[in-house]
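Participant: My structure is stored as query_0.txt, with compact mmCIF, C-alpha atoms.
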# COMPACT_ATOMS: atom_id res chain seq x y z
CA ARG A 1 -4.11 66.97 13.73
CA LEU A 2 -1.40 69.35 12.54
CA LEU A 3 1.26 67.55 14.53
CA LEU A 4 0.26 64.24 12.95
CA ALA A 5 0.40 65.84 9.49
CA ALA A 6 3.96 66.97 10.20
CA PHE A 7 4.73 63.52 11.59
CA SER A 8 3.57 61.82 8.39
CA ARG A 9 6.08 63.87 6.39
CA VAL A 10 9.07 62.45 8.27
CA TYR A 11 7.74 58.98 9.07
CA ARG A 12 9.33 55.83 7.71
CA PRO A 13 8.17 52.23 8.40
CA ARG A 14 9.39 50.82 11.72
CA ALA A 15 10.42 54.25 12.96
CA SER A 16 10.99 54.51 16.70
CA VAL A 17 9.12 57.39 18.39
CA LEU A 18 9.52 59.27 21.66
CA ASP A 19 6.84 61.73 22.81
CA VAL A 20 8.19 64.22 25.35
CA GLY A 21 5.47 65.53 27.64
CA CYS A 22 3.31 62.58 26.65
CA GLY A 23 0.56 63.11 29.25
CA ASN A 24 -1.72 60.06 29.26
CA GLY A 25 -0.30 58.84 25.94
CA THR A 26 -3.01 60.20 23.63
CA LEU A 27 -0.64 61.19 20.81
CA LEU A 28 1.25 57.88 20.89
CA ARG A 29 -2.02 55.93 20.80
CA GLU A 30 -3.08 57.89 17.74
CA ILE A 31 0.31 57.33 16.07
CA ARG A 32 0.03 53.59 16.65
CA ARG A 33 -3.54 53.60 15.28
CA ARG A 34 -2.62 55.48 12.11
CA PHE A 35 0.82 54.02 11.45
CA ARG A 36 0.37 50.29 11.95
CA ASP A 37 4.00 49.49 11.04
CA VAL A 38 5.48 51.90 13.61
CA GLY A 39 8.40 50.60 15.66
CA ARG A 40 9.40 51.21 19.29
CA LEU A 41 7.17 53.69 21.15
CA ALA A 42 8.10 55.59 24.31
CA GLY A 43 6.89 58.60 26.26
CA SER A 44 8.15 60.80 29.07
CA ASP A 45 6.36 63.19 31.41
CA VAL A 46 7.05 64.95 34.71
CA SER A 47 3.72 63.73 36.08
CA GLU A 48 3.73 60.30 37.71
CA THR A 49 -0.07 60.21 37.42
CA ALA A 50 0.07 60.85 33.66
CA VAL A 51 2.74 58.20 33.16
CA SER A 52 0.70 55.70 35.16
CA LEU A 53 -2.33 56.35 32.95
CA ALA A 54 -0.23 56.03 29.80
CA ARG A 55 1.24 52.72 30.95
CA SER A 56 -2.24 51.35 31.64
CA ALA A 57 -3.49 52.41 28.20
CA MET A 58 -0.41 51.21 26.29
CA PRO A 59 1.29 48.35 28.14
CA ASP A 60 3.37 47.50 25.06
CA ALA A 61 5.07 50.93 25.05
CA ARG A 62 7.67 52.25 27.48
CA PHE A 63 6.85 55.27 29.65
CA PHE A 64 9.03 56.99 32.22
CA VAL A 65 8.87 59.94 34.59
CA SER A 66 11.44 62.49 33.49
CA ASP A 67 11.99 66.26 33.42
CA VAL A 68 13.35 67.00 29.95
CA GLN A 69 15.04 70.22 31.05
CA ALA A 70 16.94 68.56 33.90
CA GLY A 71 19.14 66.12 32.03
CA PRO A 72 19.43 63.40 29.38
CA LEU A 73 16.31 61.30 28.86
CA PRO A 74 16.46 57.83 30.50
CA GLU A 75 16.16 55.86 27.25
CA LYS A 76 19.70 55.02 26.10
CA GLU A 77 18.79 53.87 22.59
CA PRO A 78 18.10 56.92 20.36
CA PHE A 79 14.91 57.48 18.36
CA ASP A 80 14.03 58.17 14.73
CA ILE A 81 11.38 60.76 15.68
CA VAL A 82 10.91 62.86 18.83
CA THR A 83 7.70 64.84 19.31
CA CYS A 84 7.11 67.63 21.81
CA CYS A 85 3.61 69.09 21.65
CA ASP A 86 2.67 72.16 23.73
CA VAL A 87 5.34 71.49 26.36
CA LEU A 88 8.16 74.02 26.04
CA GLU A 89 5.94 76.94 27.05
CA HIS A 90 5.70 75.31 30.50
CA VAL A 91 9.45 74.62 30.87
CA ARG A 92 11.78 77.16 32.48
CA ASP A 93 15.01 75.97 30.81
CA TRP A 94 13.47 75.22 27.43
CA VAL A 95 16.77 75.60 25.57
CA ALA A 96 18.30 72.80 27.65
CA ALA A 97 15.17 70.74 26.93
CA ILE A 98 15.73 71.11 23.19
CA GLY A 99 19.33 70.00 23.66
CA HIS A 100 18.30 66.86 25.50
CA MET A 101 15.72 66.01 22.84
CA ALA A 102 18.34 66.49 20.13
CA GLU A 103 20.61 64.07 22.02
CA ALA A 104 17.77 61.51 22.01
CA LEU A 105 17.65 61.51 18.19
CA LYS A 106 19.44 59.13 15.87
CA PRO A 107 21.57 60.79 13.17
CA GLY A 108 19.07 61.74 10.48
CA GLY A 109 16.22 61.68 13.02
CA ALA A 110 13.53 64.39 13.20
CA LEU A 111 12.28 66.56 16.06
CA ILE A 112 8.73 67.93 15.80
CA VAL A 113 7.80 70.79 18.13
CA SER A 114 4.63 72.82 18.62
CA VAL A 115 4.37 75.88 20.89
CA PRO A 116 2.10 78.93 21.26
CA HIS A 117 3.27 81.70 18.95
CA SER A 118 4.30 85.27 19.78
CA MET A 119 4.02 87.29 22.97
CA ARG A 120 1.82 89.78 21.12
CA HIS A 121 -0.91 87.17 21.52
CA TRP A 122 -0.40 86.86 25.28
CA GLY A 123 -3.64 86.92 27.24
CA LEU A 124 -5.72 85.65 30.11
CA HIS A 125 -5.91 82.13 28.69
CA ASP A 126 -2.10 81.80 28.76
CA GLU A 127 -2.15 82.59 32.47
CA ALA A 128 -5.03 80.16 33.06
CA VAL A 129 -3.09 77.24 31.57
CA HIS A 130 0.20 78.24 33.26
CA HIS A 131 2.22 79.28 30.23
CA LEU A 132 5.58 80.85 31.03
CA ARG A 133 5.96 82.34 27.56
CA ARG A 134 4.85 82.37 23.95
CA PHE A 135 7.56 81.88 21.32
CA GLU A 136 8.77 84.08 18.50
CA LYS A 137 9.67 82.22 15.33
CA ALA A 138 13.31 83.39 15.29
CA GLN A 139 13.68 82.54 18.98
CA LEU A 140 12.67 78.92 18.46
CA CYS A 141 14.60 78.52 15.21
CA ASP A 142 17.80 79.92 16.71
CA ALA A 143 17.59 77.50 19.64
CA LEU A 144 17.04 74.50 17.35
CA THR A 145 19.99 75.35 15.11
CA ALA A 146 22.19 76.17 18.13
CA LYS A 147 21.67 72.57 19.28
CA GLY A 148 22.96 71.28 15.94
CA LEU A 149 19.63 70.64 14.22
CA THR A 150 18.77 71.59 10.65
CA LEU A 151 15.40 73.23 10.08
CA GLU A 152 13.15 71.49 7.56
CA ARG A 153 9.84 73.26 8.00
CA VAL A 154 8.58 76.07 10.23
CA PHE A 155 5.04 77.43 10.03
CA THR A 156 2.31 79.07 12.08
CA TRP A 157 -1.36 78.19 12.23
CA GLY A 158 -4.50 79.93 13.51
CA SER A 159 -4.30 83.38 11.94
CA VAL A 160 -7.96 83.87 10.98
CA LEU A 161 -10.87 81.97 12.57
CA TYR A 162 -8.90 80.45 15.44
CA ASN A 163 -7.39 83.86 16.12
CA LEU A 164 -10.86 85.39 16.46
CA TYR A 165 -12.00 82.52 18.73
CA TYR A 166 -8.93 82.86 20.94
CA LYS A 167 -9.07 86.64 21.11
CA HIS A 168 -12.78 87.15 21.69
CA LEU A 169 -13.71 84.00 23.63
CA LEU A 170 -10.82 82.19 25.31
CA ASN A 171 -9.16 85.40 26.47
CA ARG A 172 -12.45 86.64 27.94
CA VAL A 173 -13.27 83.49 29.90
CA LYS A 174 -12.45 83.41 33.61
CA PRO A 175 -9.43 81.15 34.27
CA GLU A 176 -11.33 78.76 36.57
CA THR A 177 -13.83 78.10 33.76
CA THR A 178 -11.06 76.41 31.77
CA TRP A 179 -10.97 73.48 34.17
CA LYS A 180 -14.71 72.97 34.67
CA LYS A 181 -16.50 69.99 33.12
CA LYS A 182 -18.14 71.07 29.87
CA SER A 183 -21.84 70.65 29.15
CA GLY A 184 -23.06 68.59 26.20
CA LEU A 185 -23.91 71.75 24.27
CA VAL A 186 -20.44 73.20 24.82
CA ARG A 187 -18.79 69.94 23.72
CA GLN A 188 -20.88 69.84 20.55
CA SER A 189 -20.00 73.48 19.84
CA GLN A 190 -16.31 72.68 20.28
CA LYS A 191 -16.57 69.81 17.78
CA ALA A 192 -18.19 72.14 15.24
CA LEU A 193 -15.50 74.77 15.79
CA TYR A 194 -12.79 72.13 15.38
CA ARG A 195 -14.01 71.45 11.84
CA LEU A 196 -14.53 75.13 11.09
CA PHE A 197 -10.95 75.90 12.06
CA PHE A 198 -9.72 73.78 9.12
CA VAL A 199 -10.14 77.01 7.12
CA ASP A 200 -7.01 78.31 8.85
CA ASP A 201 -4.99 75.58 7.11
CA LEU A 202 -5.13 77.80 4.02
CA PHE A 203 -3.11 80.51 5.79
CA VAL A 204 -0.18 78.62 7.33
CA GLY A 205 2.26 80.59 5.19
CA VAL A 206 1.12 83.95 6.51
CA GLY A 207 3.33 83.64 9.59
CA VAL A 208 1.07 85.34 12.13
CA GLY A 209 -0.92 82.37 13.49
CA ARG A 210 -1.29 81.68 17.19
CA MET A 211 0.44 78.28 17.03
CA LEU A 212 4.03 77.73 15.90
CA PHE A 213 5.28 74.40 14.50
CA ALA A 214 8.85 73.40 13.68
CA VAL A 215 10.36 70.26 12.15
CA ALA A 216 14.13 69.94 12.51
CA ARG A 217 16.53 67.17 11.52
CA LYS A 218 19.69 65.88 13.21
CA PRO A 219 22.48 65.73 10.62
CA LEU A 220 23.78 62.33 9.55
Written as structure tokens, how would this file's structure read?

Facilitator:
Amino acid sequence: RLLLAAFSRVYRPRASVLDVGCGNGTLLREIRRRFRDVGRLAGSDVSETAVSLARSAMPDARFFVSDVQAGPLPEKEPFDIVTCCDVLEHVRDWVAAIGHMAEALKPGGALIVSVPHSMRHWGLHDEAVHHLRRFEKAQLCDALTAKGLTLERVFTWGSVLYNLYYKHLLNRVKPETTWKKKSGLVRQSQKALYRLFFVDDLFVGVGVGRMLFAVARKPL
């Protein structure tokens, strides 16, 4: 939801979009649903299974298996917008990954990144989902500007209600529970919490939320 809000700020009709770490293509499907005049769509992921699922769901888009930290992305034609949602915390050479995403942008194109914020929030849940790190704001900003990008917007989210949920529930749940199939009651509770967490939108300027978002632009 927050990523799509950031996306709408930089979107222009017929924009080409690359989603790095696309998984089964959920974000790209939502972009196509909401932005009917979107242009070329592509996604990359290290998982062959995920890419296969994405191709089946979106045969009109291009998907490829690629490790963003290892080298330039296979698509030769650059993109207007590159998204990277909850990926860099799993990547060892995340600075190189940012460089390769910057290379995939057209001049004037925008990179949208979301990552977990601040090592002071590190807990059991991070270990359960195989995070290598949480990011400090200055750390991410410095890497983006070092790769030649200009920062347009940087904000955190999840400083109040989501923070309490994460601290007192997610970080107290056994790691194996994360992967279990959820009961109907749990799924309904999660839907209710999703709406309740909208309250945290009022505090994005506080700077202490558990999620960190950045929008950066490649100079013309």

Participant: Taking (-9.3, 79.7, 7.0) in the file's own coordinates, collect the residues within 10 Å, counting all atoms listed in the file, and hand them back as JSON, numbers by chain.

Facilitator: {"A": [157, 158, 159, 160, 161, 162, 196, 197, 198, 199, 200, 201, 202, 203, 204]}

Participant: Quick one: of A:Gly39, A:Gly148, A:Gly25, A:Pro78, who's nearest to Leu53 (chain A), counting all atoms listed in the file?

Facilitator: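 Under the stated criterion, the closest residue is A:Gly25.
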
Participant: So which residues are close to (11.6, 62.0, 18.0), meaning at most 8 Å away in the file's coordinates with all atoms listed in the file counted, and can you show them as a PyMOL selection string?

Facilitator: chain A and resi 16-19+79-83+101+104-105+109-112

Participant: Taking into account only C-alpha atoms, which residue in the set A:Ala15, A:Ala50, A:Leu170, A:Ile98 is nearest to Phe35 (chain A)?

Facilitator: A:Ala15

Participant: Please indicate the distance in Å from CA of Trp122 (chain A) to CA of Arg172 (chain A), rounded to one decimal place.

Facilitator: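 CA of Arg172 (chain A) lies 12.3 Å from CA of Trp122 (chain A).
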
Participant: To one decimal place in Å, what is the distance between CA of Arg134 (chain A) and CA of Ala96 (chain A)?

Facilitator: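 We find that CA of Arg134 (chain A) and CA of Ala96 (chain A) lie 16.9 Å from each other.
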
Participant: Tell me which protein, DNA and RNA residues are within 12 Å of Pro72 (chain A), counting only C-alpha atoms, leaving out same-chain ones fewer than 2 positions away, and put them as a list in words.

Facilitator: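 Everything that qualifies: Val20, Ser44, Ser66, Asp67, Val68, Gln69, Ala70, Pro74, Glu75, Lys76, Glu77, Pro78, Ala96, Ala97, Ile98, Gly99, His100, Met101, Ala102, Glu103, Ala104 and Leu105 of chain A.
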
Participant: Separation of CA of Val38 (chain A) and CA of Leu88 (chain A), in Å?

Facilitator: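 Between CA of Val38 (chain A) and CA of Leu88 (chain A) the gap works out to 25.5 Å.
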
Participant: From the set A:Pro13, A:Gly209, A:Gly23, A:Pro107, which residue has the shortest atom-to-atom contact distance to Leu149 (chain A), counting all atoms listed in the file?

Facilitator: A:Pro107

Participant: Check the smallest atom-to-atom distance from each of A:Arg36, A:Lys181, A:Ser47, A:Arg1 to Tyr194 (chain A) using only C-alpha atoms, then report the winner.

Facilitator: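 Closest residue, counting only C-alpha atoms: A:Arg1.
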
Participant: Using all atoms listed in the file, which of A:Arg210, A:Glu48, A:Pro59, A:Trp94 sits nearest Ala143 (chain A)?

Facilitator: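 Counting all atoms listed in the file, the residue closest to Ala143 (chain A) is A:Trp94.
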
Participant: Please write out, as lines of an AutoDock Vina configuration file, where the centre of an axis-aligned box around all listed atoms of region 115-131 of chain A lies and how long its edges are, in Å to one decimal, after adding 4 Å on each side.

Facilitator:
center_x = -0.8
center_y = 82.8
center_z = 26.1
size_x = 18.3
size_y = 21.9
size_z = 22.3
